Amino acid sequence: MNKQLIIRHALVAASALACASPAFSAVELYNEADTSVSVDASFNTFFVRSDSDNEISGNDRTQSRVKMGLLPNWVGFNFSKKVDELTLGGRSSFWVTINDSDSAVTSTGIDVRQFYATVDGDFGQLLFGKDFTLFSRSNIFLDEMLQGYGAVNDTLGLIDGQGVSFGHIGSGYFYPFPHAQITYRTPEFAGGFKLALAVVDPGNATTDTNPGRTSEEEMPRFEGELTFTSSMGDGNTFTGWLGFLQQSSESDAAGVDDVDSSGLSYGAKVKLGSLSLHASGFSGEGLGLLLGPGTDAALGLQNLISENGSEVDSDGYVIQGAYTTGSERFVLSYGETTVETNAEWNNETTQVAWFHDVNAVLRTVVEYNVNTLDIGGAEEETSTMAFGLIANF
C-alpha cells in the first residue's frame, strides 16, 4: 500500500473525527411559551510530545505539538417547542479544529457534524437530518477516555495531523461517522430497554469511483442499536448494548469487487461506587479500519474492506477501568483492532490518565499512551505524553 496515500487521506479523516460527548450543562437562552433555546460548548487544548520508532517508514523521530485531543472544540444550539401532543426539537452543532499546519498558514476549520430535527411523543422519537450513526455508537460515547488524547502515529499521519487524535478509533472501535439519516427510537420498554433503527445514506465501498461509475447501492445502509440501562441503587448503574450495520455496494466494472458490509458492535459499562468498568467490541466483514465501509473507501483504504474478491474480516475490543475520588479520576485503558488482510493489520493502544476537575467547568488531563501499529510484521511504536486543559459549558 502507498503509505503517502494513507497519510494524505488520514489527515482529511482526522479533521472530520468529531464525536458527541453528552453536554455537561447548557446555557439557556430562551424559555417561554413551551419554547426553549439553549447552547452548549466545549473547548480543549493539549501539549503533546510523541516519540515514534517506525520500522514501516524507517524514520524515527520525536515531535512536540499544541493541538486538540480526541474531541474537537464545539458549540451546539438546541431547540425545543411543545405543539399539542408532540415535542419538536432540533440541534445544530459546529466542530472546530484549532490545529496549525506545517503545510499552510493555518488548518483551522469548522465542520457540521449534527444538523437534525426530532419529533417526540408517546410513540418514541423520530430523528431526521445529519447525526452520528448507530453502529459502534455506545462503544465510543461511553469511552472512559473520551476527553483524553489517545492514539497517534506517523503511518496514518496523526502526529502532525491537522485534526483530532484517534483515541481508540482503529484500535478498539469504529467511529460512528455522521451521515444523513432517518432514525426511530422507541420509548423505554421491558424495564430499561430502548431500540434505535436507522435508514442511513450509504457510501460506495468499491474501487469503482470514477465519474460515470457503474457502482451502486440499491438499498440504503441499515443500522441499529439495542440498549439496556438499569439502576442498581446507591448510584450504581449497568448499561449494555448491541448494535449492527448492513450495506451492499455492487459494480459491473471489470476487476471491481462487490462489497457486502456487515458488523456487530456490543459492550457493557458498570458503575459501582467510585469504580467504573467498560468492556466493548465489534466484529464484521467489509468494514475497514477507522470510519466504516463507505468512508474508509473514500480515504483510500479500500484494500482493508475487500481483497482478492472477498470482504475482509475485522474485529476489535476495548477494556477500561476508572476510579473516581473527589475531584480526581484515574483511568487505565487498552484496545486493539485486527484487520485480516493478507498482510495483516494490528493496531493497539494502551492509555493511563489522570483527570482533575478544578471546578464544574474546568478540567485538566495528564495522559501517557503507547500506540503500536503492525502491518505485515513491520511496526511503528509511538509513545505520547499529553497535558490537556478542557472547559465544558
# chains A, B, ... in the order shown; residues from 1 in each chain; ligands from 1
call {"tool": "select_by_dssp", "arguments": {"residues": "stretch 281-351 of chain A", "states": "strand (DSSP E or B)", "output": "PyMOL selection string"}}
result
chain A and resi 281-285+306-307+310-311+313-325+328-339+345-351
call {"tool": "write_last_selection", "arguments": {"atoms": "N, CA and C atoms", "output": "CSV table (one decimal), in the first residue's frame"}}
result
chain,number,residue,atom,x,y,z
A,281,GLY,N,-16.7,-4.2,22.1
A,281,GLY,CA,-16.0,-4.8,21.0
A,281,GLY,C,-16.9,-4.8,19.8
A,282,PHE,N,-16.3,-5.3,18.7
A,282,PHE,CA,-17.0,-5.4,17.4
A,282,PHE,C,-16.4,-6.5,16.6
A,283,SER,N,-17.2,-7.0,15.6
A,283,SER,CA,-16.7,-8.0,14.6
A,283,SER,C,-17.5,-7.8,13.4
A,284,GLY,N,-16.9,-8.1,12.2
A,284,GLY,CA,-17.6,-7.9,11.0
A,284,GLY,C,-16.8,-8.2,9.8
A,285,GLU,N,-17.3,-7.9,8.6
A,285,GLU,CA,-16.6,-8.0,7.4
A,285,GLU,C,-16.9,-6.9,6.5
A,306,SER,N,-12.1,-4.9,1.1
A,306,SER,CA,-12.2,-6.2,0.3
A,306,SER,C,-10.8,-6.5,-0.3
A,307,GLU,N,-10.6,-7.7,-0.5
A,307,GLU,CA,-9.3,-8.2,-1.0
A,307,GLU,C,-9.4,-9.5,-1.7
A,310,SER,N,-13.0,-11.0,-1.9
A,310,SER,CA,-13.7,-11.3,-0.7
A,310,SER,C,-13.7,-10.1,0.3
A,311,GLU,N,-14.7,-10.0,1.1
A,311,GLU,CA,-14.7,-9.0,2.1
A,311,GLU,C,-13.7,-9.4,3.2
A,313,ASP,N,-12.3,-9.7,6.9
A,313,ASP,CA,-12.8,-9.8,8.3
A,313,ASP,C,-12.0,-8.8,9.2
A,314,SER,N,-12.7,-8.3,10.2
A,314,SER,CA,-12.0,-7.5,11.2
A,314,SER,C,-12.8,-7.6,12.6
A,315,ASP,N,-12.0,-7.4,13.6
A,315,ASP,CA,-12.6,-7.4,15.0
A,315,ASP,C,-11.7,-6.5,15.9
A,316,GLY,N,-12.3,-6.2,17.0
A,316,GLY,CA,-11.6,-5.3,18.0
A,316,GLY,C,-12.3,-5.2,19.3
A,317,TYR,N,-11.6,-4.7,20.3
A,317,TYR,CA,-12.2,-4.6,21.6
A,317,TYR,C,-11.5,-3.5,22.4
A,318,VAL,N,-12.2,-3.0,23.5
A,318,VAL,CA,-11.6,-2.1,24.4
A,318,VAL,C,-12.0,-2.5,25.8
A,319,ILE,N,-11.1,-2.5,26.7
A,319,ILE,CA,-11.3,-2.8,28.1
A,319,ILE,C,-10.8,-1.6,29.0
A,320,GLN,N,-11.6,-1.1,30.0
A,320,GLN,CA,-11.2,0.1,30.7
A,320,GLN,C,-11.6,-0.1,32.2
A,321,GLY,N,-10.9,0.6,33.0
A,321,GLY,CA,-11.2,0.7,34.4
A,321,GLY,C,-11.0,2.2,34.8
A,322,ALA,N,-11.9,2.8,35.6
A,322,ALA,CA,-11.7,4.1,36.1
A,322,ALA,C,-12.1,4.2,37.5
A,323,TYR,N,-11.4,5.0,38.3
A,323,TYR,CA,-11.6,5.2,39.7
A,323,TYR,C,-11.7,6.7,40.0
A,324,THR,N,-12.8,7.1,40.7
A,324,THR,CA,-13.0,8.5,41.0
A,324,THR,C,-13.0,8.7,42.5
A,325,THR,N,-12.2,9.7,42.9
A,325,THR,CA,-12.2,10.1,44.3
A,325,THR,C,-12.2,11.6,44.4
A,328,GLU,N,-10.8,13.9,41.5
A,328,GLU,CA,-9.8,13.2,40.7
A,328,GLU,C,-10.4,11.9,40.1
A,329,ARG,N,-10.0,11.7,38.9
A,329,ARG,CA,-10.4,10.4,38.2
A,329,ARG,C,-9.2,9.8,37.5
A,330,PHE,N,-9.0,8.5,37.7
A,330,PHE,CA,-7.8,7.8,37.2
A,330,PHE,C,-8.3,6.7,36.3
A,331,VAL,N,-7.7,6.6,35.1
A,331,VAL,CA,-8.2,5.7,34.1
A,331,VAL,C,-7.1,4.8,33.5
A,332,LEU,N,-7.3,3.5,33.4
A,332,LEU,CA,-6.5,2.6,32.6
A,332,LEU,C,-7.3,2.1,31.4
A,333,SER,N,-6.7,2.0,30.3
A,333,SER,CA,-7.4,1.6,29.1
A,333,SER,C,-6.5,0.9,28.1
A,334,TYR,N,-7.1,-0.2,27.5
A,334,TYR,CA,-6.4,-0.9,26.4
A,334,TYR,C,-7.4,-1.3,25.3
A,335,GLY,N,-7.0,-1.2,24.1
A,335,GLY,CA,-7.8,-1.6,23.0
A,335,GLY,C,-7.0,-2.0,21.8
A,336,GLU,N,-7.6,-2.8,20.9
A,336,GLU,CA,-6.9,-3.2,19.7
A,336,GLU,C,-7.9,-3.6,18.6
A,337,THR,N,-7.5,-3.4,17.4
A,337,THR,CA,-8.2,-3.8,16.2
A,337,THR,C,-7.3,-4.6,15.3
A,338,THR,N,-7.9,-5.7,14.8
A,338,THR,CA,-7.2,-6.6,13.8
A,338,THR,C,-8.0,-6.6,12.5
A,339,VAL,N,-7.3,-6.3,11.4
A,339,VAL,CA,-7.9,-6.4,10.1
A,339,VAL,C,-7.2,-7.5,9.3
A,345,TRP,N,-3.2,-6.2,9.4
A,345,TRP,CA,-3.0,-5.0,10.2
A,345,TRP,C,-3.5,-5.3,11.7
A,346,ASN,N,-2.6,-4.9,12.6
A,346,ASN,CA,-3.0,-5.0,14.0
A,346,ASN,C,-2.6,-3.7,14.7
A,347,ASN,N,-3.6,-3.0,15.3
A,347,ASN,CA,-3.4,-1.7,15.9
A,347,ASN,C,-3.8,-1.7,17.3
A,348,GLU,N,-3.0,-1.4,18.3
A,348,GLU,CA,-3.3,-1.5,19.7
A,348,GLU,C,-2.8,-0.2,20.4
A,349,THR,N,-3.6,0.2,21.4
A,349,THR,CA,-3.3,1.4,22.1
A,349,THR,C,-3.6,1.1,23.6
A,350,THR,N,-2.6,1.5,24.4
A,350,THR,CA,-2.7,1.5,25.9
A,350,THR,C,-2.6,2.9,26.4
A,351,GLN,N,-3.5,3.2,27.4
A,351,GLN,CA,-3.5,4.6,27.9
A,351,GLN,C,-3.6,4.5,29.5
call {"tool": "residues_around", "arguments": {"residues": "stretch 194-199 of chain A", "least_positions_apart": "5", "cutoff": "7 Å", "atoms": "only C-alpha atoms", "output": "PyMOL selection string"}}
result
chain A and resi 181-189+220-228
call {"tool": "atom_distance", "arguments": {"atom1": "atom CA of A:Glu367", "atom2": "atom CA of A:Thr45"}}
result
13.1 Å
call {"tool": "select_by_dssp", "arguments": {"residues": "stretch 121-311 of chain A", "states": "helix (DSSP H, G or I)", "output": "PyMOL selection string"}}
result
chain A and resi 137-141+293-298+302-304
call {"tool": "residues_around", "arguments": {"residues": "A:Asp260", "least_positions_apart": "4", "cutoff": "9 Å", "atoms": "only C-alpha atoms", "output": "MDAnalysis selection string"}}
result
chainID A and resid 205 246:250 285:286 311
call {"tool": "write_last_selection", "arguments": {"atoms": "C-alpha atoms", "output": "CSV table (one decimal), in the first residue's frame"}}
result
chain,number,residue,atom,x,y,z
A,205,ALA,CA,-17.3,0.7,-0.7
A,246,GLN,CA,-25.5,-3.7,6.9
A,247,GLN,CA,-24.7,-2.3,3.5
A,248,SER,CA,-24.2,-3.6,0.0
A,249,SER,CA,-22.2,-1.9,-2.9
A,250,GLU,CA,-22.2,-3.5,-6.3
A,285,GLU,CA,-16.6,-8.0,7.4
A,286,GLY,CA,-16.2,-5.4,4.7
A,311,GLU,CA,-14.7,-9.0,2.1
call {"tool": "residues_around", "arguments": {"residues": "stretch 112-120 of chain A", "least_positions_apart": "3", "cutoff": "6 Å", "atoms": "only C-alpha atoms", "output": "list in words"}}
result
Leu86, Thr87, Leu88, Gly89, Gly90, Arg91, Ser92, Ser93, Phe94, Gly124, Gln125, Leu126, Leu127, Phe128, Gly129, Lys130 and Asp131 of chain A
call {"tool": "closest_residue", "arguments": {"among": "A:Gly76, A:Phe141, A:Val152, A:Gly161", "to": "A:Thr97", "atoms": "only C-alpha atoms"}}
result
A:Gly161
